[in-house]
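Coordinates from start03.txt are shown below (compact mmCIF, C-alpha atoms).
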```
# COMPACT_ATOMS: atom_id res chain seq x y z
CA MET S 1 44.03 150.96 86.28
CA ARG S 2 41.56 153.78 85.64
CA ARG S 3 39.93 154.72 82.39
CA ALA S 4 42.11 157.80 82.19
CA ASP S 5 45.14 155.55 82.05
CA ALA S 6 44.04 154.01 78.73
CA PRO S 7 45.57 155.50 75.58
CA ARG S 8 43.14 158.03 74.08
CA SER S 9 43.51 156.50 70.65
CA ILE S 10 42.24 153.19 71.98
CA LEU S 11 39.19 154.77 73.61
CA ALA S 12 38.41 156.69 70.43
CA GLU S 13 38.71 153.56 68.36
CA LEU S 14 36.41 151.61 70.68
CA SER S 15 33.84 154.42 70.56
CA LYS S 16 33.76 154.03 66.81
CA ARG S 17 33.38 150.30 67.30
CA GLN S 18 30.09 150.75 69.10
CA GLU S 19 28.68 152.22 65.89
CA ILE S 20 30.04 149.54 63.59
CA ASN S 21 29.59 146.53 65.85
CA GLN S 22 26.71 145.19 63.75
CA GLN S 23 28.80 145.28 60.60
CA PHE S 24 31.89 143.86 62.27
CA GLY S 25 32.03 140.81 60.01
CA ASP S 26 33.02 143.10 57.14
CA SER S 27 35.45 145.12 59.23
CA MET S 28 37.15 141.94 60.35
CA LEU S 29 37.77 140.93 56.77
CA GLN S 30 39.30 144.34 56.12
CA SER S 31 41.57 144.18 59.18
CA THR S 32 44.18 142.06 57.47
CA SER S 33 44.96 144.83 55.00
CA SER S 34 45.00 147.80 57.34
CA GLY S 35 45.88 146.18 60.67
CA ALA S 36 43.99 148.93 62.52
CA GLU S 37 41.16 146.70 63.75
CA ALA S 38 43.54 144.02 65.04
CA LEU S 39 45.74 146.62 66.72
CA SER S 40 42.76 148.06 68.61
CA ALA S 41 41.73 144.75 70.13
CA LEU S 42 45.34 143.87 70.86
CA GLU S 43 45.89 147.19 72.60
CA TRP S 44 42.76 146.64 74.66
CA SER S 45 44.12 143.32 75.86
CA LYS S 46 47.19 145.20 77.12
CA VAL S 47 45.06 147.83 78.85
CA LEU S 48 43.07 145.09 80.61
CA ALA S 49 46.18 143.25 81.80
CA GLY S 50 46.27 145.48 84.88
CA TYR S 51 43.14 143.75 86.21
CA ARG S 52 44.66 140.28 86.19
CA ILE S 53 46.14 140.20 89.68
CA PRO S 54 44.00 138.05 92.01
CA ARG S 55 43.57 138.93 95.69
CA LEU S 56 43.91 136.03 98.11
CA ARG S 57 41.39 137.28 100.67
CA ARG S 58 38.81 138.05 98.02
CA SER S 59 39.26 134.66 96.37
CA LEU S 60 38.88 132.85 99.70
CA LEU S 61 35.82 134.94 100.49
CA GLU S 62 34.26 134.07 97.13
CA ILE S 63 34.73 130.37 97.88
CA ALA S 64 33.32 130.73 101.39
CA VAL S 65 30.19 132.65 100.37
CA THR S 66 29.49 129.97 97.76
CA VAL S 67 30.36 126.73 99.56
CA PHE S 68 28.73 127.42 102.92
CA PRO S 69 25.33 128.55 101.54
CA PHE S 70 25.36 125.53 99.22
CA LEU S 71 25.92 123.18 102.17
CA VAL S 72 23.22 124.91 104.20
CA LEU S 73 20.71 124.62 101.36
CA TRP S 74 21.65 121.00 100.80
CA LEU S 75 21.05 120.14 104.47
CA LEU S 76 17.78 122.09 104.42
CA GLY S 77 16.77 120.12 101.34
CA TRP S 78 17.52 116.86 103.14
CA VAL S 79 15.40 117.96 106.11
CA SER S 80 12.62 118.92 103.69
CA VAL S 81 12.61 115.40 102.24
CA GLN S 82 12.56 113.87 105.71
CA GLN S 83 9.67 116.07 106.80
CA GLY S 84 7.78 115.94 103.53
CA TRP S 85 8.11 119.68 102.89
CA TRP S 86 8.03 119.23 99.11
CA PRO S 87 7.21 122.85 98.12
CA LEU S 88 10.19 124.03 100.16
CA LEU S 89 12.40 121.41 98.51
CA VAL S 90 11.45 122.66 95.06
CA LEU S 91 12.25 126.22 96.10
CA ILE S 92 15.65 125.08 97.39
CA TRP S 93 16.62 123.43 94.10
CA PHE S 94 17.01 126.68 92.17
CA PRO S 95 19.28 128.79 94.43
CA ALA S 96 21.31 125.66 95.18
CA ALA S 97 21.68 125.07 91.43
CA GLY S 98 22.80 128.69 91.05
CA LEU S 99 25.45 128.14 93.72
CA LEU S 100 26.61 124.98 91.94
CA VAL S 101 26.99 127.02 88.75
CA ARG S 102 29.02 129.52 90.76
CA LEU S 103 31.28 126.73 92.04
CA PHE S 104 31.84 125.64 88.46
CA LEU S 105 32.82 129.19 87.51
CA ILE S 106 35.32 129.33 90.36
CA GLN S 107 36.71 126.10 88.91
CA HIS S 108 36.67 127.84 85.51
CA ASP S 109 38.80 130.72 86.84
CA CYS S 110 41.19 128.21 88.42
CA GLY S 111 41.53 126.61 84.99
CA HIS S 112 42.63 129.97 83.60
CA GLY S 113 45.08 130.42 86.47
CA SER S 114 43.28 133.59 87.49
CA PHE S 115 41.80 132.79 90.91
CA PHE S 116 45.07 132.44 92.85
CA ARG S 117 48.58 133.58 92.06
CA ASN S 118 50.01 130.11 92.63
CA LYS S 119 49.41 127.62 89.80
CA ALA S 120 49.38 124.59 92.08
CA VAL S 121 46.74 126.17 94.32
CA ASN S 122 44.60 126.97 91.27
CA ASP S 123 44.90 123.40 90.03
CA TRP S 124 44.15 121.64 93.30
CA VAL S 125 41.20 123.88 94.14
CA GLY S 126 39.94 123.31 90.60
CA ARG S 127 40.31 119.54 90.94
CA ALA S 128 38.47 119.52 94.25
CA LEU S 129 35.62 121.57 92.82
CA GLY S 130 35.58 119.31 89.75
CA VAL S 131 34.37 116.47 91.96
CA VAL S 132 31.38 118.54 93.13
CA THR S 133 30.60 119.88 89.65
CA LEU S 134 31.07 116.42 88.05
CA THR S 135 33.68 117.89 85.70
CA PRO S 136 37.18 116.36 85.48
CA TYR S 137 39.28 119.47 85.91
CA ASP S 138 42.42 118.68 83.89
CA SER S 139 40.72 117.35 80.75
CA TRP S 140 38.12 120.14 80.88
CA ARG S 141 40.85 122.76 81.25
CA HIS S 142 42.64 121.40 78.18
CA ALA S 143 39.48 121.46 76.05
CA HIS S 144 38.57 124.92 77.30
CA ALA S 145 42.01 126.27 76.43
CA ILE S 146 41.49 125.02 72.87
CA HIS S 147 38.13 126.81 72.83
CA HIS S 148 39.79 130.10 73.82
CA ALA S 149 42.64 129.67 71.36
CA GLY S 150 40.33 129.15 68.38
CA SER S 151 37.08 130.86 69.32
CA GLY S 152 35.34 132.19 66.21
CA HIS S 153 37.68 130.28 63.88
CA LEU S 154 35.66 128.38 61.28
CA ASP S 155 38.60 126.10 60.54
CA HIS S 156 38.98 125.01 64.18
CA ARG S 157 35.53 124.06 65.47
CA GLY S 158 34.40 121.07 67.49
CA ILE S 159 36.35 121.17 70.77
CA GLY S 160 34.88 122.93 73.78
CA ASP S 161 32.12 124.69 71.84
CA ILE S 162 28.55 124.30 70.56
CA SER S 163 28.71 122.58 67.16
CA THR S 164 27.68 125.10 64.51
CA LEU S 165 27.51 124.49 60.76
CA THR S 166 27.76 127.08 58.04
CA VAL S 167 24.87 127.46 55.61
CA ASP S 168 26.88 125.76 52.86
CA GLU S 169 27.89 122.87 55.12
CA TYR S 170 24.29 122.31 56.17
CA GLN S 171 22.94 122.43 52.62
CA SER S 172 25.60 120.01 51.38
CA ARG S 173 24.55 117.36 53.90
CA PRO S 174 22.19 114.55 52.93
CA PHE S 175 18.66 114.51 54.36
CA LEU S 176 19.65 112.38 57.37
CA GLY S 177 22.60 114.64 58.16
CA ARG S 178 20.40 117.74 58.09
CA LEU S 179 17.80 115.99 60.27
CA LEU S 180 20.40 114.99 62.86
CA TYR S 181 21.73 118.56 62.99
CA ARG S 182 18.20 119.88 63.48
CA LEU S 183 17.68 117.42 66.34
CA TYR S 184 21.00 118.43 67.88
CA ARG S 185 20.12 122.14 67.72
CA HIS S 186 16.64 121.65 69.16
CA PRO S 187 16.29 123.49 72.52
CA LEU S 188 15.22 120.29 74.29
CA THR S 189 18.45 118.61 73.18
CA LEU S 190 20.73 121.57 73.82
CA PHE S 191 19.42 122.64 77.21
CA VAL S 192 17.85 119.55 78.78
CA VAL S 193 19.01 116.22 77.35
CA GLY S 194 22.49 117.41 76.34
CA PRO S 195 23.51 118.90 79.71
CA ALA S 196 22.25 115.84 81.59
CA TYR S 197 24.23 113.55 79.29
CA GLN S 198 27.32 115.76 79.40
CA PHE S 199 27.62 116.07 83.17
CA LEU S 200 26.23 112.73 84.32
CA LEU S 201 27.74 110.45 81.65
CA ARG S 202 30.09 112.10 79.17
CA HIS S 203 32.38 113.62 81.81
CA ARG S 204 32.89 110.19 83.32
CA LEU S 205 35.09 109.36 80.30
CA PRO S 206 38.12 111.19 78.87
CA ALA S 207 37.63 113.73 76.12
CA SER S 208 38.71 111.15 73.54
CA SER S 209 37.49 107.83 74.88
CA LEU S 210 39.22 105.82 72.15
CA ARG S 211 42.67 106.85 73.35
CA LEU S 212 44.01 104.47 75.98
CA GLU S 213 46.96 106.50 77.26
CA TRP S 214 47.04 106.82 81.04
CA SER S 215 47.41 110.60 80.80
CA ASN S 216 44.10 110.74 78.95
CA TRP S 217 42.25 108.66 81.55
CA ARG S 218 43.95 109.84 84.73
CA GLY S 219 41.90 113.00 85.37
CA PRO S 220 38.45 111.49 84.77
CA LEU S 221 39.37 108.31 86.67
CA ILE S 222 40.61 110.16 89.76
CA THR S 223 37.58 112.45 89.63
CA ASN S 224 35.26 109.44 89.38
CA ILE S 225 36.92 107.71 92.33
CA ALA S 226 36.61 110.86 94.45
CA LEU S 227 33.02 111.27 93.26
CA ILE S 228 32.14 107.71 94.27
CA ALA S 229 33.59 108.35 97.72
CA LEU S 230 31.72 111.65 98.09
CA VAL S 231 28.40 110.32 96.82
CA GLY S 232 28.79 107.11 98.81
CA GLY S 233 29.38 109.08 101.99
CA ALA S 234 26.40 111.34 101.32
CA ILE S 235 24.13 108.35 100.66
CA TRP S 236 25.37 106.61 103.81
CA LEU S 237 24.54 109.71 105.88
CA ALA S 238 21.34 110.86 104.16
CA GLY S 239 19.99 107.74 102.46
CA LEU S 240 19.72 106.97 98.74
CA GLY S 241 16.22 108.39 98.26
CA PRO S 242 16.82 111.73 100.01
CA PHE S 243 20.18 112.12 98.26
CA LEU S 244 18.62 111.67 94.83
CA TRP S 245 15.70 113.98 95.63
CA VAL S 246 18.10 116.73 96.68
CA GLN S 247 21.19 116.38 94.52
CA LEU S 248 19.89 115.09 91.19
CA PRO S 249 17.52 118.04 90.45
CA ILE S 250 20.16 120.52 91.61
CA THR S 251 22.71 118.96 89.24
CA LEU S 252 20.34 118.85 86.27
CA ILE S 253 19.15 122.43 86.74
CA ALA S 254 22.72 123.69 87.17
CA ALA S 255 23.85 121.80 84.06
CA SER S 256 21.09 123.37 81.96
CA ILE S 257 21.88 126.85 83.29
CA GLY S 258 25.58 126.38 82.61
CA VAL S 259 25.02 125.25 79.01
CA TRP S 260 22.62 128.15 78.42
CA LEU S 261 25.19 130.65 79.68
CA PHE S 262 27.87 129.16 77.46
CA TYR S 263 25.48 129.12 74.50
CA VAL S 264 24.45 132.80 74.56
CA GLN S 265 28.03 133.93 75.08
CA HIS S 266 28.89 132.96 71.50
CA GLN S 267 25.63 132.13 69.70
CA PHE S 268 24.20 135.59 69.14
CA GLU S 269 23.31 137.15 65.81
CA GLU S 270 26.22 139.54 65.40
CA THR S 271 28.97 137.31 66.71
CA VAL S 272 32.17 136.92 64.69
CA TRP S 273 33.39 133.88 62.79
CA ALA S 274 36.00 133.77 60.03
CA ARG S 275 38.45 131.50 58.30
CA SER S 276 42.17 131.85 57.89
CA PRO S 277 43.77 134.24 57.14
CA GLN S 278 40.98 136.72 57.98
CA TRP S 279 40.44 135.32 61.49
CA ASN S 280 42.12 137.35 64.22
CA ARG S 281 42.24 136.04 67.77
CA HIS S 282 41.86 139.37 69.59
CA GLU S 283 39.08 140.64 67.33
CA ALA S 284 37.21 137.36 67.66
CA ALA S 285 37.59 137.53 71.43
CA LEU S 286 36.26 141.08 71.76
CA HIS S 287 33.45 140.92 69.20
CA GLY S 288 32.75 137.19 68.98
CA SER S 289 31.77 136.98 72.67
CA SER S 290 28.74 138.70 74.12
CA HIS S 291 28.31 141.04 77.04
CA TYR S 292 25.35 139.21 78.60
CA ASP S 293 24.03 142.09 80.69
CA LEU S 294 22.16 140.28 83.46
CA PRO S 295 20.33 141.63 86.53
CA ARG S 296 22.58 142.05 89.56
CA ILE S 297 21.44 138.90 91.40
CA LEU S 298 21.99 136.75 88.30
CA ARG S 299 25.40 138.36 87.76
CA TRP S 300 26.33 137.21 91.27
CA PHE S 301 25.18 133.62 90.75
CA SER S 302 26.86 133.49 87.33
CA ALA S 303 30.10 135.02 88.67
CA ASN S 304 30.11 137.80 86.05
CA ILE S 305 30.69 135.30 83.26
CA GLY S 306 28.31 137.42 81.20
CA VAL S 307 31.15 139.94 80.76
CA HIS S 308 32.41 137.38 78.32
CA HIS S 309 33.94 139.68 75.72
CA VAL S 310 36.32 141.05 78.35
CA HIS S 311 36.99 137.55 79.68
CA HIS S 312 37.92 136.24 76.23
CA LEU S 313 40.10 139.22 75.50
CA CYS S 314 41.98 138.81 78.80
CA SER S 315 41.14 135.43 80.35
CA GLY S 316 43.51 135.95 83.28
CA ILE S 317 41.17 138.46 84.96
CA PRO S 318 39.44 137.01 88.08
CA TYR S 319 35.69 137.18 87.71
CA TYR S 320 35.35 139.56 90.63
CA ASN S 321 37.36 142.16 88.67
CA LEU S 322 35.24 142.00 85.49
CA GLN S 323 32.59 144.46 86.65
CA ARG S 324 35.36 146.84 87.70
CA VAL S 325 36.63 146.73 84.11
CA LEU S 326 33.22 147.92 82.89
CA ARG S 327 33.06 150.65 85.52
CA ASP S 328 36.51 151.95 84.61
CA HIS S 329 35.93 151.61 80.84
CA PRO S 330 32.21 152.22 80.15
CA VAL S 331 32.84 152.07 76.40
CA LEU S 332 33.05 148.28 76.74
CA ARG S 333 29.53 147.99 78.14
CA ASP S 334 27.86 148.37 74.75
CA VAL S 335 30.16 146.07 72.80
CA SER S 336 28.10 143.00 71.79
CA ARG S 337 25.62 143.75 74.59
CA LEU S 338 22.82 141.24 75.04
CA THR S 339 20.00 141.60 77.57
CA LEU S 340 18.13 138.78 79.30
CA LEU S 341 15.06 139.42 77.13
CA GLU S 342 17.08 139.60 73.92
CA SER S 343 18.89 136.37 74.70
CA ALA S 344 15.70 134.34 74.18
CA GLY S 345 15.99 135.07 70.47
CA CYS S 346 19.40 133.39 70.30
CA VAL S 347 17.82 129.93 70.41
CA ARG S 348 16.64 130.19 66.80
CA LEU S 349 20.14 131.06 65.49
CA VAL S 350 21.61 127.81 64.21
CA LEU S 351 23.71 128.40 61.07
CA TRP S 352 26.57 130.73 60.21
CA ASP S 353 26.00 132.66 56.98
CA GLU S 354 29.48 133.35 55.61
CA ALA S 355 28.15 135.80 53.04
CA ALA S 356 26.18 137.91 55.53
CA HIS S 357 28.66 137.44 58.39
CA ARG S 358 26.00 136.53 60.95
CA LEU S 359 24.06 133.65 62.44
CA VAL S 360 20.71 132.81 60.83
CA SER S 361 17.77 130.57 61.62
CA PHE S 362 16.37 127.60 59.71
CA LYS S 363 13.34 129.77 58.88
CA GLU S 364 15.50 132.50 57.34
CA LEU S 365 17.30 129.91 55.24
CA ARG S 366 14.01 128.37 54.08
CA VAL S 367 12.57 131.78 53.11
CA ARG S 368 15.65 132.60 51.04
```
Using structure tokens, write down the structure that the file contains.
Amino acid sequence: MRRADAPRSILAELSKRQEINQQFGDSMLQSTSSGAEALSALEWSKVLAGYRIPRLRRSLLEIAVTVFPFLVLWLLGWVSVQQGWWPLLVLIWFPAAGLLVRLFLIQHDCGHGSFFRNKAVNDWVGRALGVVTLTPYDSWRHAHAIHHAGSGHLDHRGIGDISTLTVDEYQSRPFLGRLLYRLYRHPLTLFVVGPAYQFLLRHRLPASSLRLEWSNWRGPLITNIALIALVGGAIWLAGLGPFLWVQLPITLIAASIGVWLFYVQHQFEETVWARSPQWNRHEAALHGSSHYDLPRILRWFSANIGVHHVHHLCSGIPYYNLQRVLRDHPVLRDVSRLTLLESAGCVRLVLWDEAAHRLVSFKELRVR
């Protein structure tokens, strides 16, 4: 579908949106009375539906150009350990971690049913990749669907997202509660300790570990059994020491990159949060998710997940079609755009200010 195919009224409305994007918190509150804002985002989701059809050859190619280089780098890393080529090993860790992130994002598209036309193929490819990415596919898919269904909804936080308090919630907590939240939101916790815990330990258990139903344990248990077999085979072939020197850093780096990508896609200053009845799913999708405009090579490794506002508005689009959406509809490029340099400032944003309709830092709160 070309840009010319889109209704002119929609394009005109989105052009206006570029000018008011910073004040969108107010416009979202007004949308319930006029309906115009909600209609615009809803109509955009219909326009984007034409990009949803996956192409089998392209999907298989995307898997091939990710899996085979990852295996080659892994074997080269093993040789580097055997030969004592430590500088080369360190250099291998980072592109291999990028490829592992890419495998996770293929799994992510499978979870949305967007990588293949057949649901069973999506699910079984996703489950297989979940063993490599240490992420039980079925339980992750369920939590991620909840995240998409309630993204930006202040009354439905806590599943599949970064925990974020409002200013009032933070101030109402006792000293210990505020201290724990500060520790949780510290960059070392969010991007180093947290990802390691999440992928190495937390994913080994079901999403709600207190529930004993078989359906709740089945996915993680099967993934763990397959993981033990895969890791056991790799250790038998390569040895425990070489395996750890190669795989463990790759996993930890990939986990940190993945959490960072997820973080900046929703934790930017002018994101959108609201409570019922002001919250609107389509508006929150379009303006509550960033367009993380990365350099080309990083876009490839991150499988275009930076085009997150389009992805949230129409999650059935395969990632290899997301850049085509931006080419056909350039007006979407500037909606919630965030550059690599600008994204560094997102780390300080920790609390949602319901009065100002934006994220603020601890320092801003203290000054006020």
Report task. Between S:Val367, S:Ala355, S:Val125, S:Leu105, single out the one closest to S:Ala274, counting all atoms listed in the file. Result ->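 Smallest separation from S:Ala274 among the options: S:Ala355.
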Using only C-alpha atoms, tabulate the residues of stretch 47-128 of chain S lying at most 9 Å from any atom of stretch 142-166 of chain S, each with its closest atom pair and that distance in Å to one decimal, by chain and increasing residue number, as JSON lines.
```
{"residue": "S:His108", "atom": "CA", "partner": "S:His144", "partner_atom": "CA", "distance": 8.9}
{"residue": "S:Gly111", "atom": "CA", "partner": "S:His144", "partner_atom": "CA", "distance": 8.4}
{"residue": "S:His112", "atom": "CA", "partner": "S:Ala145", "partner_atom": "CA", "distance": 8.1}
```
How about saving the chosen residues, C-alpha atoms kept, as an mmCIF file, keeping the file's coordinate frame?
```
data_model
loop_
_atom_site.group_PDB
_atom_site.id
_atom_site.type_symbol
_atom_site.label_atom_id
_atom_site.label_comp_id
_atom_site.auth_asym_id
_atom_site.auth_seq_id
_atom_site.Cartn_x
_atom_site.Cartn_y
_atom_site.Cartn_z
ATOM 1 C CA HIS S 108 36.670 127.840 85.510
ATOM 2 C CA GLY S 111 41.530 126.610 84.990
ATOM 3 C CA HIS S 112 42.630 129.970 83.600
#
```
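Nearest residue to S:Asp293, choosing from S:Arg178, S:Arg337, S:His311, S:Arg324 and counting only C-alpha atoms: S:Arg337.
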**Report entry** Closest of S:Leu221, S:Gly306, S:Leu237, S:Leu313 to S:Asn280 - atom-to-atom distances counting all atoms listed in the file
**Finding:**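 Checking each candidate against S:Asn280, we get S:Leu313 as the closest.
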Report task. Using atom CA of S:Gln323 and atom CA of S:Cys346 as the two end points, give the distance in Å to one decimal. Result ->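 Result for atom CA of S:Gln323 versus atom CA of S:Cys346: 23.7 Å, one decimal.
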Requested in this report: Find the residues near stretch 85-93 of chain S: any atom within 12 Å, counting only C-alpha atoms, skip ones fewer than 4 places away on the same chain, and give them as a PyMOL selection string.
Outcome: chain S and resi 69-81+97-100+242+244-254
Requested in this report: Check the smallest atom-to-atom distance from each of S:Leu179, S:Cys110, S:Val67, S:Val231 to S:Ser315 using all atoms listed in the file, then report the winner.
Outcome: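 The answer is S:Cys110, which sits nearest to S:Ser315.
Among the candidates S:Phe362, S:Trp260, S:Tyr320, S:Trp273, the residue lying nearest to S:Arg57 is S:Tyr320 (atoms considered: only C-alpha atoms).
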Report task. For S:Glu364, list every protein, DNA or RNA residue within 12 Å, evaluated using all atoms listed in the file, and leave out those in the same chain fewer than 3 positions away; present the list as a VMD selection string. Result -> chain S and resid 167 348 to 353 358 to 361 367 to 368
